[in-house]
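Next comes work.cif, a file with mmCIF, C-alpha atoms.
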data_entry
#
loop_
_atom_site.group_PDB
_atom_site.id
_atom_site.type_symbol
_atom_site.label_atom_id
_atom_site.label_comp_id
_atom_site.auth_asym_id
_atom_site.auth_seq_id
_atom_site.Cartn_x
_atom_site.Cartn_y
_atom_site.Cartn_z
ATOM 1 C CA MET A 1470 163.822 -146.033 97.175
ATOM 2 C CA THR A 1471 162.524 -144.809 93.898
ATOM 3 C CA ARG A 1472 159.520 -146.760 92.347
ATOM 4 C CA PRO A 1473 159.802 -147.783 88.769
ATOM 5 C CA THR A 1474 157.527 -145.873 86.334
ATOM 6 C CA THR A 1475 154.529 -147.934 85.032
ATOM 7 C CA ARG A 1476 153.775 -147.379 81.329
ATOM 8 C CA PRO A 1477 150.351 -148.241 79.915
ATOM 9 C CA GLY A 1478 150.210 -151.067 77.435
ATOM 10 C CA LEU A 1479 149.578 -150.535 73.750
ATOM 11 C CA THR A 1480 145.997 -151.894 73.952
ATOM 12 C CA ALA A 1481 145.080 -149.491 76.746
ATOM 13 C CA LEU A 1482 146.483 -146.577 74.765
ATOM 14 C CA ARG A 1483 144.315 -147.485 71.780
ATOM 15 C CA ARG A 1484 141.153 -147.691 73.904
ATOM 16 C CA THR A 1485 141.935 -144.339 75.541
ATOM 17 C CA LEU A 1486 142.472 -142.739 72.170
ATOM 18 C CA ALA A 1487 139.255 -144.227 70.811
ATOM 19 C CA ARG A 1488 137.249 -142.822 73.725
ATOM 20 C CA ILE A 1489 138.702 -139.393 73.059
ATOM 21 C CA LEU A 1490 137.920 -139.518 69.374
ATOM 22 C CA ASP A 1491 134.466 -141.242 69.771
ATOM 23 C CA PRO A 1492 132.929 -140.478 73.197
ATOM 24 C CA ASP A 1493 129.776 -142.562 72.388
ATOM 25 C CA ARG A 1494 131.724 -145.654 71.521
ATOM 26 C CA GLY A 1495 130.622 -148.636 73.551
ATOM 27 C CA LYS A 1496 127.387 -147.073 74.795
ATOM 28 C CA PRO A 1497 124.168 -148.975 74.094
ATOM 29 C CA ALA A 1498 122.409 -147.879 70.920
ATOM 30 C CA PRO A 1499 119.343 -145.699 71.480
ATOM 31 C CA ALA A 1500 115.964 -147.368 71.136
ATOM 32 C CA PRO A 1501 114.405 -146.786 67.718
ATOM 33 C CA ALA A 1502 111.913 -143.978 67.617
ATOM 34 C CA ALA A 1503 108.270 -145.041 67.539
ATOM 35 C CA PRO A 1504 106.638 -144.461 64.137
ATOM 36 C CA PRO A 1505 104.133 -141.604 64.002
ATOM 37 C CA ASP A 1506 100.535 -142.528 64.813
ATOM 38 C CA PRO A 1507 98.799 -142.988 61.436
ATOM 39 C CA GLY A 1508 95.357 -142.458 62.954
ATOM 40 C CA PRO A 1509 92.364 -144.654 62.103
ATOM 41 C CA ALA A 1510 92.836 -146.999 59.151
ATOM 42 C CA ALA A 1511 91.401 -145.731 55.886
ATOM 43 C CA PRO A 1512 88.482 -147.817 54.585
ATOM 44 C CA PRO A 1513 89.342 -150.047 51.609
ATOM 45 C CA GLU A 1514 88.607 -148.662 48.190
ATOM 46 C CA PRO A 1515 85.151 -149.890 47.102
ATOM 47 C CA GLU A 1516 85.128 -152.251 44.165
ATOM 48 C CA THR A 1517 83.594 -150.807 41.013
ATOM 49 C CA PRO A 1518 80.334 -152.694 40.447
ATOM 50 C CA GLU A 1519 79.669 -154.286 37.085
ATOM 51 C CA PRO A 1520 77.394 -152.035 34.997
ATOM 52 C CA GLU A 1521 73.768 -153.180 35.022
ATOM 53 C CA THR A 1522 72.692 -154.788 31.765
ATOM 54 C CA LEU A 1523 70.091 -153.065 29.600
ATOM 55 C CA ASP A 1524 67.511 -155.825 30.020
ATOM 56 C CA ALA A 1525 67.948 -155.754 33.811
ATOM 57 C CA GLN A 1526 67.473 -151.975 33.832
ATOM 58 C CA LEU A 1527 64.254 -152.286 31.841
ATOM 59 C CA GLU A 1528 62.936 -155.057 34.102
ATOM 60 C CA ARG A 1529 63.681 -152.939 37.164
ATOM 61 C CA LEU A 1530 61.888 -149.921 35.681
ATOM 62 C CA ILE A 1531 58.769 -151.837 34.594
ATOM 63 C CA GLY A 1532 58.686 -153.686 37.919
ATOM 64 C CA ALA A 1533 58.901 -150.411 39.881
ATOM 65 C CA ILE A 1534 56.031 -148.886 37.891
ATOM 66 C CA ALA A 1535 53.866 -151.995 38.245
ATOM 67 C CA ALA A 1536 54.530 -152.054 42.003
ATOM 68 C CA ARG A 1537 52.788 -148.675 42.290
ATOM 69 C CA ALA A 1538 49.554 -149.939 40.695
ATOM 70 C CA THR A 1539 46.463 -149.274 42.783
ATOM 71 C CA THR A 1540 43.709 -149.213 40.154
ATOM 72 C CA LEU A 1541 43.128 -149.348 36.392
ATOM 73 C CA ALA A 1542 42.260 -146.242 34.381
ATOM 74 C CA MET A 1543 41.167 -147.416 30.913
ATOM 75 C CA ASP A 1544 39.047 -145.657 28.313
ATOM 76 C CA GLY A 1545 35.531 -147.050 28.293
ATOM 77 C CA SER A 1546 35.422 -147.052 24.491
ATOM 78 C CA PHE A 1547 38.449 -149.339 24.404
ATOM 79 C CA TYR A 1548 36.790 -151.766 26.801
ATOM 80 C CA HIS A 1549 33.356 -151.746 25.145
ATOM 81 C CA GLU A 1550 34.407 -151.598 21.481
ATOM 82 C CA VAL A 1551 37.440 -153.908 21.536
ATOM 83 C CA GLY A 1552 36.665 -156.032 24.599
ATOM 84 C CA PRO A 1553 34.230 -158.398 22.828
ATOM 85 C CA ALA A 1554 37.028 -159.455 20.432
ATOM 86 C CA VAL A 1555 39.509 -160.137 23.257
ATOM 87 C CA ARG A 1556 39.609 -163.492 25.019
ATOM 88 C CA GLY A 1557 37.914 -163.673 28.374
ATOM 89 C CA ASP A 1558 38.724 -167.293 29.141
ATOM 90 C CA SER A 1559 42.501 -167.518 28.824
ATOM 91 C CA LEU A 1560 45.675 -165.458 29.257
ATOM 92 C CA GLU A 1561 47.421 -167.480 26.550
ATOM 93 C CA ALA A 1562 48.022 -165.248 23.515
ATOM 94 C CA ALA A 1563 47.398 -167.010 20.222
ATOM 95 C CA SER A 1564 49.647 -166.196 17.268
ATOM 96 C CA ALA A 1565 48.399 -165.497 13.759
ATOM 97 C CA GLU A 1566 49.751 -168.915 12.809
ATOM 98 C CA ASP A 1567 47.612 -170.492 15.562
ATOM 99 C CA LEU A 1568 44.479 -168.820 14.197
ATOM 100 C CA LEU A 1569 45.355 -169.845 10.649
ATOM 101 C CA ALA A 1570 45.796 -173.472 11.651
ATOM 102 C CA ALA A 1571 42.463 -173.437 13.498
ATOM 103 C CA ALA A 1572 40.664 -172.005 10.440
ATOM 104 C CA PHE A 1573 41.779 -174.743 8.038
ATOM 105 C CA ARG A 1574 39.273 -177.027 6.404
ATOM 106 C CA PRO A 1575 40.069 -179.613 3.696
ATOM 107 C CA GLY A 1576 40.169 -178.045 0.252
ATOM 108 C CA ALA A 1577 40.538 -174.493 1.580
ATOM 109 C CA ARG A 1578 42.113 -171.907 -0.742
ATOM 110 C CA LEU A 1579 44.215 -169.121 0.742
ATOM 111 C CA LEU A 1580 45.262 -165.763 -0.686
ATOM 112 C CA ASP A 1581 48.592 -164.501 0.695
ATOM 113 C CA PHE A 1582 47.913 -160.762 0.509
ATOM 114 C CA GLY A 1583 51.191 -158.852 0.090
ATOM 115 C CA CYS A 1584 53.182 -162.080 -0.142
ATOM 116 C CA GLY A 1585 56.522 -160.394 -0.918
ATOM 117 C CA ALA A 1586 59.323 -162.971 -0.756
ATOM 118 C CA MET A 1587 56.760 -165.659 0.162
ATOM 119 C CA HIS A 1588 58.234 -166.416 3.587
ATOM 120 C CA SER A 1589 54.880 -167.769 4.821
ATOM 121 C CA ARG A 1590 54.234 -170.105 1.908
ATOM 122 C CA PRO A 1591 55.945 -173.276 3.288
ATOM 123 C CA PHE A 1592 54.060 -173.021 6.577
ATOM 124 C CA ILE A 1593 50.735 -172.309 4.888
ATOM 125 C CA GLU A 1594 51.071 -175.253 2.508
ATOM 126 C CA SER A 1595 52.168 -177.497 5.398
ATOM 127 C CA LEU A 1596 48.726 -176.877 6.931
ATOM 128 C CA GLY A 1597 47.075 -178.102 3.723
ATOM 129 C CA TYR A 1598 45.965 -174.819 2.162
ATOM 130 C CA ALA A 1599 46.101 -174.286 -1.589
ATOM 131 C CA TRP A 1600 48.340 -171.184 -1.702
ATOM 132 C CA GLN A 1601 47.977 -168.196 -3.980
ATOM 133 C CA GLY A 1602 50.159 -165.087 -3.706
ATOM 134 C CA VAL A 1603 49.417 -161.501 -4.647
ATOM 135 C CA ASP A 1604 51.398 -158.293 -4.251
ATOM 136 C CA TYR A 1605 51.593 -154.708 -5.374
ATOM 137 C CA LEU A 1606 54.354 -154.763 -7.985
ATOM 138 C CA ASP A 1607 56.097 -151.558 -6.920
ATOM 139 C CA SER A 1608 56.440 -152.857 -3.363
ATOM 140 C CA VAL A 1609 58.258 -156.063 -4.321
ATOM 141 C CA SER A 1610 62.010 -155.854 -3.823
ATOM 142 C CA GLY A 1611 64.065 -156.064 -6.990
ATOM 143 C CA LEU A 1612 66.143 -158.709 -5.215
ATOM 144 C CA VAL A 1613 63.245 -161.185 -5.340
ATOM 145 C CA ARG A 1614 61.218 -159.905 -8.287
ATOM 146 C CA ASP A 1615 62.835 -162.275 -10.798
ATOM 147 C CA ASP A 1616 62.264 -165.258 -8.476
ATOM 148 C CA VAL A 1617 58.624 -164.272 -8.082
ATOM 149 C CA ALA A 1618 58.179 -163.822 -11.821
ATOM 150 C CA ARG A 1619 59.386 -167.392 -12.452
ATOM 151 C CA LEU A 1620 56.440 -168.702 -10.410
ATOM 152 C CA GLY A 1621 53.985 -167.631 -13.085
ATOM 153 C CA ASP A 1622 50.376 -167.347 -11.917
ATOM 154 C CA ALA A 1623 51.243 -168.670 -8.425
ATOM 155 C CA VAL A 1624 51.933 -165.002 -7.641
ATOM 156 C CA ARG A 1625 49.840 -162.306 -9.264
ATOM 157 C CA PHE A 1626 50.763 -158.635 -9.323
ATOM 158 C CA TYR A 1627 48.168 -155.873 -9.171
ATOM 159 C CA ASP A 1628 47.862 -152.090 -9.060
ATOM 160 C CA GLY A 1629 47.255 -151.827 -5.321
ATOM 161 C CA ARG A 1630 43.550 -151.281 -5.879
ATOM 162 C CA VAL A 1631 41.520 -154.035 -7.580
ATOM 163 C CA LEU A 1632 42.521 -157.635 -6.824
ATOM 164 C CA PRO A 1633 42.721 -159.818 -9.969
ATOM 165 C CA PHE A 1634 40.462 -162.572 -8.618
ATOM 166 C CA ALA A 1635 36.815 -163.546 -8.830
ATOM 167 C CA ASP A 1636 34.239 -162.919 -6.134
ATOM 168 C CA GLY A 1637 34.280 -165.478 -3.314
ATOM 169 C CA GLU A 1638 37.365 -167.245 -4.654
ATOM 170 C CA PHE A 1639 39.134 -167.752 -1.298
ATOM 171 C CA ASP A 1640 38.339 -169.292 2.066
ATOM 172 C CA VAL A 1641 41.053 -167.333 3.898
ATOM 173 C CA VAL A 1642 43.047 -164.184 3.197
ATOM 174 C CA TRP A 1643 46.374 -164.062 5.037
ATOM 175 C CA ALA A 1644 47.769 -160.565 5.738
ATOM 176 C CA MET A 1645 50.939 -160.958 7.797
ATOM 177 C CA VAL A 1646 52.438 -157.606 8.864
ATOM 178 C CA VAL A 1647 51.236 -155.960 5.657
ATOM 179 C CA LEU A 1648 48.012 -153.964 6.129
ATOM 180 C CA HIS A 1649 49.852 -150.960 7.593
ATOM 181 C CA HIS A 1650 51.558 -150.626 4.185
ATOM 182 C CA VAL A 1651 48.363 -150.257 2.135
ATOM 183 C CA GLN A 1652 47.578 -146.791 0.823
ATOM 184 C CA HIS A 1653 43.858 -147.275 0.193
ATOM 185 C CA ILE A 1654 42.438 -148.827 3.357
ATOM 186 C CA ASP A 1655 38.736 -148.774 2.510
ATOM 187 C CA LEU A 1656 39.308 -150.005 -1.034
ATOM 188 C CA SER A 1657 41.694 -152.766 0.088
ATOM 189 C CA PHE A 1658 39.302 -154.041 2.749
ATOM 190 C CA GLY A 1659 36.458 -153.922 0.254
ATOM 191 C CA GLU A 1660 38.469 -156.002 -2.225
ATOM 192 C CA ILE A 1661 39.438 -158.515 0.440
ATOM 193 C CA ALA A 1662 35.786 -158.833 1.411
ATOM 194 C CA ARG A 1663 34.840 -159.357 -2.225
ATOM 195 C CA VAL A 1664 37.265 -162.236 -2.883
ATOM 196 C CA LEU A 1665 36.373 -163.997 0.394
ATOM 197 C CA ARG A 1666 33.573 -166.511 0.268
ATOM 198 C CA PRO A 1667 30.732 -166.120 2.821
ATOM 199 C CA GLY A 1668 32.052 -167.320 6.163
ATOM 200 C CA GLY A 1669 35.645 -166.758 5.014
ATOM 201 C CA LYS A 1670 38.272 -165.162 7.238
ATOM 202 C CA LEU A 1671 40.945 -162.493 7.068
ATOM 203 C CA ILE A 1672 43.771 -163.452 9.465
ATOM 204 C CA GLY A 1673 47.105 -161.820 10.220
ATOM 205 C CA GLN A 1674 49.159 -159.412 12.285
ATOM 206 C CA VAL A 1675 49.434 -155.651 12.005
ATOM 207 C CA ALA A 1676 51.451 -152.739 13.397
ATOM 208 C CA TYR A 1677 49.837 -150.773 16.203
ATOM 209 C CA LEU A 1678 52.419 -148.623 18.046
ATOM 210 C CA GLU A 1679 55.452 -149.384 15.887
ATOM 211 C CA GLN A 1680 57.555 -146.519 14.528
ATOM 212 C CA MET A 1681 58.055 -145.788 10.834
ATOM 213 C CA GLN A 1682 59.113 -148.643 8.571
ATOM 214 C CA ASP A 1683 59.634 -148.930 4.809
ATOM 215 C CA PHE A 1684 56.668 -147.388 2.981
ATOM 216 C CA GLY A 1685 54.521 -147.595 6.109
ATOM 217 C CA THR A 1686 51.371 -145.512 5.752
ATOM 218 C CA PHE A 1687 48.854 -146.126 8.565
ATOM 219 C CA ASN A 1688 49.278 -147.957 11.858
ATOM 220 C CA PHE A 1689 46.061 -149.637 12.978
ATOM 221 C CA THR A 1690 44.541 -149.458 16.415
ATOM 222 C CA PRO A 1691 42.326 -152.421 17.347
ATOM 223 C CA TYR A 1692 39.316 -150.113 17.112
ATOM 224 C CA GLY A 1693 40.518 -148.823 13.729
ATOM 225 C CA MET A 1694 40.714 -152.418 12.514
ATOM 226 C CA LYS A 1695 37.146 -152.950 13.683
ATOM 227 C CA VAL A 1696 35.936 -149.856 11.813
ATOM 228 C CA ALA A 1697 37.798 -150.765 8.588
ATOM 229 C CA ALA A 1698 36.333 -154.274 8.704
ATOM 230 C CA ARG A 1699 32.818 -153.025 9.414
ATOM 231 C CA GLU A 1700 32.898 -150.556 6.507
ATOM 232 C CA ALA A 1701 33.672 -153.492 4.199
ATOM 233 C CA GLY A 1702 30.849 -155.649 5.554
ATOM 234 C CA LEU A 1703 33.227 -157.741 7.707
ATOM 235 C CA ARG A 1704 33.329 -158.321 11.463
ATOM 236 C CA LEU A 1705 36.343 -158.235 13.797
ATOM 237 C CA THR A 1706 36.042 -161.442 15.826
ATOM 238 C CA ARG A 1707 39.425 -161.865 17.509
ATOM 239 C CA VAL A 1708 42.274 -159.671 18.733
ATOM 240 C CA GLU A 1709 45.371 -161.027 20.472
ATOM 241 C CA PRO A 1710 48.293 -159.109 22.032
ATOM 242 C CA LYS A 1711 51.715 -159.504 20.470
ATOM 243 C CA HIS A 1712 55.047 -157.687 21.064
ATOM 244 C CA ASP A 1713 55.007 -155.220 23.950
ATOM 245 C CA ALA A 1714 55.985 -151.654 23.054
ATOM 246 C CA PHE A 1715 58.691 -151.163 25.691
ATOM 247 C CA VAL A 1716 60.905 -154.080 24.677
ATOM 248 C CA PHE A 1717 60.116 -153.848 20.960
ATOM 249 C CA LEU A 1718 60.995 -150.165 20.573
ATOM 250 C CA LEU A 1719 64.128 -150.287 22.725
ATOM 251 C CA ARG A 1720 65.271 -153.346 20.782
ATOM 252 C CA ARG A 1721 64.642 -151.523 17.492
ATOM 253 C CA LEU A 1722 66.561 -148.492 18.788
ATOM 254 C CA LEU A 1723 69.555 -150.663 19.631
ATOM 255 C CA ILE A 1724 69.408 -152.436 16.259
ATOM 256 C CA THR A 1725 69.202 -149.102 14.447
ATOM 257 C CA LEU A 1726 72.229 -147.705 16.277
ATOM 258 C CA THR A 1727 74.388 -150.853 16.114
ATOM 259 C CA ALA A 1728 73.276 -152.567 12.883
ATOM 260 C CA SER A 1729 73.062 -155.854 14.772
ATOM 261 C CA ASP A 1730 70.044 -158.042 15.513
ATOM 262 C CA GLU A 1731 71.779 -159.516 18.562
ATOM 263 C CA THR A 1732 70.425 -157.574 21.544
ATOM 264 C CA PRO A 1733 69.809 -158.393 25.210
ATOM 265 C CA PHE A 1734 66.127 -157.605 24.603
ATOM 266 C CA ASN A 1735 65.526 -160.506 22.191
ATOM 267 C CA PRO A 1736 64.477 -163.062 24.864
ATOM 268 C CA MET A 1737 62.126 -160.516 26.462
ATOM 269 C CA MET A 1738 60.027 -159.752 23.390
ATOM 270 C CA GLY A 1739 56.649 -161.355 22.859
ATOM 271 C CA PRO A 1740 53.574 -162.360 24.863
ATOM 272 C CA GLU A 1741 55.641 -164.697 27.057
ATOM 273 C CA GLY A 1742 58.181 -161.986 27.936
ATOM 274 C CA PHE A 1743 58.794 -160.063 31.135
ATOM 275 C CA VAL A 1744 56.477 -157.118 30.419
ATOM 276 C CA HIS A 1745 53.481 -159.325 29.623
ATOM 277 C CA ARG A 1746 54.132 -161.451 32.721
ATOM 278 C CA THR A 1747 54.357 -158.321 34.868
ATOM 279 C CA LEU A 1748 51.079 -156.945 33.489
ATOM 280 C CA ILE A 1749 49.373 -160.285 34.094
ATOM 281 C CA GLU A 1750 50.644 -160.387 37.689
ATOM 282 C CA THR A 1751 49.536 -156.783 38.192
ATOM 283 C CA GLY A 1752 46.079 -157.556 36.829
ATOM 284 C CA GLN A 1753 45.773 -160.487 39.205
ATOM 285 C CA ARG A 1754 46.890 -158.351 42.152
ATOM 286 C CA LEU A 1755 44.287 -155.706 41.248
ATOM 287 C CA GLY A 1756 41.570 -158.360 40.927
ATOM 288 C CA LEU A 1757 40.984 -157.755 37.198
ATOM 289 C CA ASP A 1758 39.125 -160.367 35.188
ATOM 290 C CA ILE A 1759 40.889 -162.174 32.325
ATOM 291 C CA ARG A 1760 39.368 -160.038 29.556
ATOM 292 C CA THR A 1761 40.368 -156.779 31.245
ATOM 293 C CA THR A 1762 43.889 -158.073 31.885
ATOM 294 C CA ASN A 1763 44.218 -158.996 28.205
ATOM 295 C CA LEU A 1764 42.997 -155.512 27.245
ATOM 296 C CA LEU A 1765 45.662 -154.032 29.528
ATOM 297 C CA ARG A 1766 48.319 -156.065 27.712
ATOM 298 C CA LEU A 1767 46.913 -155.098 24.300
ATOM 299 C CA LEU A 1768 47.044 -151.419 25.251
ATOM 300 C CA PHE A 1769 50.860 -151.547 25.358
ATOM 301 C CA CYS A 1770 51.633 -153.680 22.291
ATOM 302 C CA THR A 1771 53.351 -152.550 19.095
ATOM 303 C CA HIS A 1772 51.572 -155.280 17.090
ATOM 304 C CA PHE A 1773 48.401 -157.284 17.476
ATOM 305 C CA VAL A 1774 47.022 -160.432 15.904
ATOM 306 C CA PHE A 1775 43.542 -160.311 14.373
ATOM 307 C CA GLU A 1776 40.817 -162.481 12.882
ATOM 308 C CA ILE A 1777 38.052 -160.926 10.770
ATOM 309 C CA GLU A 1778 35.084 -162.842 9.378
ATOM 310 C CA LYS A 1779 32.765 -162.383 6.443
ATOM 311 C CA ALA A 1780 29.148 -162.988 7.322
ATOM 312 C CA GLY A 1781 27.169 -165.897 5.917
ATOM 313 C CA GLY A 1782 27.988 -169.511 5.175
ATOM 314 C CA ASP A 1783 29.804 -171.935 7.420
ATOM 315 C CA ALA A 1784 33.217 -171.235 8.957
ATOM 316 C CA PRO A 1785 36.031 -172.527 6.712
#
Structure translated into structure tokens:
Amino acid sequence: MTRPTTRPGLTALRRTLARILDPDRGKPAPAPAAPPDPGPAAPPEPETPEPETLDAQLERLIGAIAARATTLAMDGSFYHEVGPAVRGDSLEAASAEDLLAAAFRPGARLLDFGCGAMHSRPFIESLGYAWQGVDYLDSVSGLVRDDVARLGDAVRFYDGRVLPFADGEFDVVWAMVVLHHVQHIDLSFGEIARVLRPGGKLIGQVAYLEQMQDFGTFNFTPYGMKVAAREAGLRLTRVEPKHDAFVFLLRRLLITLTASDETPFNPMMGPEGFVHRTLIETGQRLGLDIRTTNLLRLLFCTHFVFEIEKAGGDAP
């Protein structure tokens, strides 16, 4: 008996055809290839530090120098000639205004030598002094000359040589940041001595290591101040440190190059600033006495405060 022929169904034919056309059909997908080994992880990029401020850089430099201190090398002439006028009992630096206030006595007359725009007058009169101004005419700014002229005899002008006042007319002469502008040092000190009464005082502040300023002629050293006073028959009795040279000159450099008084050095300047504190701490670590420590500070100041006395009579 003949068997009937079995024909594949339509679905089977499609599957057979698909296998022929796509042999990989239905096989499991290959596992994904492992990514290449990246090796050790790269360190993170370092953050850019904030730039160090100028005042912090200066503090770090001065601190590093002071940390190396092992002894003090100071000229003997500086110690012996200037030392007697420097305080040996206190590290507090008196200002010129402090010395002026201490010198006041009722009825005292004061000559403001080189008074300019008279910035000191309100303070001086608040202490009780009878104020008199004097200035070299050619040095007075045209911006204030008319205002000064309206004051009449309260401000007198002179030729820069002979003061237009009688002998012994004043108890105190005030010279605030002005003596380094005079062109005739011996003559000016002689005239100041002449118009001071016996026992009178010359008090002020003067440039020491400062750079050139308008019509500046001579910068005084403390010893130079002593010599100028002595030649005029006066005696240097007090010297006090003022602005330190490092902060003062860097501040002036920044002001000159930016035309702005706002600098990071402003809070550092003066006898209470970082440099003075560092020198005091260094002096204490080296076992220096107070006078020697004050001389060390004075050695690195751009300005100093002074008091000079005329012999004879009672102190004003």
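Of note, atom CA of Arg1663 of chain A and atom CA of Asp1636 of chain A are spaced 5.3 Å apart.
Interatomic distance, atom CA of Val1716 of chain A to atom CA of Ile1749 of chain A: 16.1 Å.
Once the PyMOL selection byres ((chain A and resi 1762) around 10) is applied to this file, the selection holds Leu1541, Val1555, Arg1556, Gly1557, Leu1560, His1745, Leu1748, Ile1749, Glu1750, Thr1751, Gly1752, Gln1753, Leu1755, Gly1756, Leu1757, Asp1758, Ile1759, Arg1760, Thr1761, Asn1763, Leu1764, Leu1765, Arg1766, Leu1767 and Leu1768 of chain A.
With only C-alpha atoms taken into account, the protein and nucleic acid residues at most 7 Å from segment 1688-1697 of chain A (excluding it and anything under 3 positions from it in its own chain) are Glu1550, Val1551, His1649, Asp1655, Phe1658, Val1675, Ala1676, Tyr1677, Leu1678, Glu1700, Ala1701, Arg1704 and Leu1705 of chain A.
Considering all atoms listed in the file, the residue among A:Leu1579, A:Met1587, A:Val1744, A:Val1646 positioned nearest to Phe1715 of chain A is A:Val1744.
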request  = Determine the residue set returned by the PyMOL selection byres ((chain A and resi 1712) around 8) for the present structure, and present it as a VMD selection string.
outcome  = chain A and resid 1710 to 1711 1713 to 1714 1716 to 1717 1738 to 1740 1770 to 1773
query = Just how far from atom CA of Gln1601 of chain A is atom CA of Asp1581 of chain A, in Å to one decimal?
reply = 6.0 Å
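Distances from A:Asp1683, A:Asp1604, A:Glu1709, A:Asp1567 to Phe1592 of chain A were compared using only C-alpha atoms, and the smallest one belongs to A:Asp1567.
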message = With distances taken over only C-alpha atoms, which residue among A:Ala1698, A:Val1647, A:Leu1665, A:Ala1635 lies nearest Gln1682 of chain A?
response = A:Val1647
